[in-house]
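S.K.: Quick one: this structure, given as structure tokens, is what I'll be asking you about.
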Amino acid sequence: MIIRHIRYAVIATALVISGCSTAPTQWTQPPMAVPYQANFQQQIQLARIEQILQQPNIPPTTLATIYYDRGLLHDSLGLRDLARLDFNKSLTINPNQPDLFNVAGVLFTQMGMFDSAYESFDSTLDLAPEHPYAHRNRGIALYYGERYALANEDLLPHYLLNINDPYRVIWLYINDLKYTPEQARTLLQQRYAVSDKKDWGWQIVRMYLGEITEEQFLTEIAEQSKDNQQLALRLTEGYFYLAQTYQNKQDYPTAVMLYKLALAGNVYEFVEHRFSILELNRIFTAEENAAAASSSSSASVK
């Protein structure tokens with residue numbers, strides 16, 4: 001069912017906005033959260049960092065940490081270019097930072113600079129072979145770089161380290177749809193069956209398997225989110241992974257709408273927010289290339 005035509009009965013959204021109990025409201029559009037805004041604490045942290053940087057004779061290791069911390073703050077506020085500048089400054093001072101290489105790799109993936117992303121994740125793993133996220137992030141970068149077999153080599157071992165993490169299962173499934181499409185659903189069912197099913201993210205898997213409908217999935221998010229923060233986080237994830245299903249069906253208008261909804265909460269730090277931007281760029285680029293090819297073909301016929 002196309003999401004834009006579904007009706008939802010939601011309670012949580014009204015509770016979040018008003019702060020008090022109210023009767024269920026009938027919605028004729030998908031639920032949304034109040035977008036994240038830069039909070040006072042983040043602004044104070046940036047101001048303090050600026051003051052510290054004005055001090056003379058800061059030790060190099062301390063300076064590298066300061067630039068890294070400010071880069072993380074800029075990144076959390078969606079200021080990607082400022083974040084990259086800070087990360088570059090930090091790495092120039094101290095190149096022995098596996099976490100920074102990992103973050104840089106994610107940023108390169110979001111920008112579609114896959115070779116740079118691979119190099120960054122390789123650097124992370126050279127410095128910290130047991131890094132908890134580098135294999136997953138490199139696997140995702142390899143997926144977007146259309147190197148599905150190599151992506152599986154990263155994503156599958158990462159999943160086996162924690163079979164109860166739904167997001168490891170989800171990204172394996174997304175890659176399996178390209179790598180082994182005839183087995184993707186069966187593998188998803190098997191991995192779901194052996195999990196403990198405790199994390200909220202398993203609802204996404206249940207939706208993929210058809211155990212719950214899209215309407216039930218989104219209504220549950222709206223009704224059961226305890227506050228606006230949780231609502232924003234879950235909708236960012238929910239809309240992104242729902243968009244994936246429509247994109248795989250080549251329903252690009254609906255996929256584009258859902259990716260835009262995933263961006264609406266301003267949850268900049270989530271990979272689902274980051275990769276919504278990447279997916280939109282990929283869709284728009286494909287459309288532009290198709291239009292250019294069609295125009296060129298028409299011109300040659302004349």
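All residue names refer to the structure tokens as shown: chains lettered A, B, ... in order, residues numbered from 1 in each chain, ligands numbered from 1 in order.
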Excluding range 131-141 of chain A and its own-chain neighbours fewer than 5 positions away, which residues fall within 6 Å of it when counting only C-alpha atoms? Please give them as a VMD selection string.

M.R.: chain A and resid 109 121 151 154 to 155

S.K.: Write down as a PyMOL selection string the residues belonging to range 79-210 of chain A that are assigned alpha helix (DSSP H) by DSSP computed on the backbone.

M.R.: chain A and resi 80-93+98-110+114-127+134-144+148-160+166-179+184-193+202-209

S.K.: Residues near Ile204 in chain A, anyone? I mean within 8 Å using only C-alpha atoms, not counting same-chain ones fewer than 4 positions away, as a VMD selection string.

M.R.: chain A and resid 208 217 238 241

S.K.: Based on the selection just made, write N, CA and C atoms of those residues as a short mmCIF file (atom, residue, chain, number, x, y, z; two decimals), in the first residue's frame.

M.R.:
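Below is the file selection-v1.cif, written as the result:
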```cif
data_model
loop_
_atom_site.label_atom_id
_atom_site.label_comp_id
_atom_site.auth_asym_id
_atom_site.auth_seq_id
_atom_site.Cartn_x
_atom_site.Cartn_y
_atom_site.Cartn_z
N TYR A 208 9.76 -6.31 6.74
CA TYR A 208 10.35 -6.87 5.52
C TYR A 208 9.80 -8.27 5.23
N PHE A 217 3.49 -0.87 11.19
CA PHE A 217 4.85 -0.49 11.54
C PHE A 217 4.94 0.97 11.94
N GLY A 238 12.91 4.12 10.43
CA GLY A 238 11.76 3.49 9.79
C GLY A 238 11.56 3.95 8.36
N TYR A 241 14.47 2.58 5.96
CA TYR A 241 14.40 1.17 5.58
C TYR A 241 13.13 0.86 4.79
#
```

S.K.: If I take CA of Arg70 in chain A and CA of Leu46 in chain A, how far is one from the other in Å, to one decimal?

M.R.: 6.9 Å

S.K.: Residues at most 12 Å from Gln190 in chain A, counting only C-alpha atoms, excluding those fewer than 2 positions away in the same chain, as a list in words?

M.R.: Ile163, Val169, Tyr173, Gln183, Ala184, Arg185, Thr186, Leu187, Leu188, Tyr192, Ala193, Val194, Ser195, Val205 and Leu209 of chain A

S.K.: Set the distance at 12 Å and use only C-alpha atoms: which residues neighbour Leu85 in chain A once local chain neighbours fewer than 2 positions away are removed? I'd like the list as a short mmCIF file (atom, residue, chain, number, x, y, z; two decimals) with N, CA and C atoms, in the first residue's frame.

M.R.:
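Printed below is part12.cif as written:
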```
data_model
loop_
_atom_site.label_atom_id
_atom_site.label_comp_id
_atom_site.auth_asym_id
_atom_site.auth_seq_id
_atom_site.Cartn_x
_atom_site.Cartn_y
_atom_site.Cartn_z
N TYR A 67 40.38 19.22 18.08
CA TYR A 67 39.84 19.29 16.71
C TYR A 67 38.91 18.11 16.43
N TYR A 68 39.26 16.95 16.95
CA TYR A 68 38.40 15.77 16.77
C TYR A 68 37.05 15.98 17.45
N ARG A 70 35.62 18.81 18.23
CA ARG A 70 34.84 19.83 17.52
C ARG A 70 34.29 19.28 16.21
N GLY A 71 35.05 18.42 15.56
CA GLY A 71 34.55 17.79 14.34
C GLY A 71 33.31 16.96 14.61
N LEU A 72 33.31 16.21 15.72
CA LEU A 72 32.13 15.43 16.09
C LEU A 72 30.93 16.33 16.35
N HIS A 74 30.43 19.38 15.08
CA HIS A 74 29.98 19.90 13.78
C HIS A 74 29.19 18.84 13.02
N ASP A 75 29.67 17.60 13.09
CA ASP A 75 28.99 16.52 12.39
C ASP A 75 27.60 16.28 12.98
N LEU A 79 26.93 19.89 10.00
CA LEU A 79 27.91 20.76 9.34
C LEU A 79 29.07 19.91 8.83
N ARG A 80 28.81 19.15 7.77
CA ARG A 80 29.74 18.13 7.31
C ARG A 80 31.09 18.70 6.87
N ASP A 81 31.06 19.80 6.11
CA ASP A 81 32.32 20.35 5.61
C ASP A 81 33.19 20.86 6.74
N LEU A 82 32.59 21.52 7.72
CA LEU A 82 33.36 21.97 8.88
C LEU A 82 33.91 20.77 9.66
N ALA A 83 33.11 19.72 9.75
CA ALA A 83 33.57 18.51 10.43
C ALA A 83 34.79 17.92 9.73
N PHE A 87 38.50 17.22 11.22
CA PHE A 87 39.08 15.88 11.22
C PHE A 87 40.43 15.87 10.50
N ASN A 88 40.51 16.61 9.40
CA ASN A 88 41.78 16.67 8.67
C ASN A 88 42.87 17.32 9.52
N LYS A 89 42.52 18.38 10.24
CA LYS A 89 43.49 19.04 11.12
C LYS A 89 43.95 18.08 12.21
N SER A 90 43.00 17.34 12.78
CA SER A 90 43.33 16.40 13.85
C SER A 90 44.25 15.30 13.35
N LEU A 91 43.96 14.76 12.17
CA LEU A 91 44.78 13.68 11.62
C LEU A 91 46.17 14.16 11.24
N THR A 92 46.27 15.40 10.78
CA THR A 92 47.59 15.95 10.44
C THR A 92 48.48 16.00 11.66
N ALA A 104 35.66 9.35 9.35
CA ALA A 104 35.97 9.91 8.04
C ALA A 104 35.48 8.99 6.93
N LEU A 107 31.82 9.50 6.39
CA LEU A 107 31.58 10.75 5.66
C LEU A 107 31.91 10.59 4.17
#
```
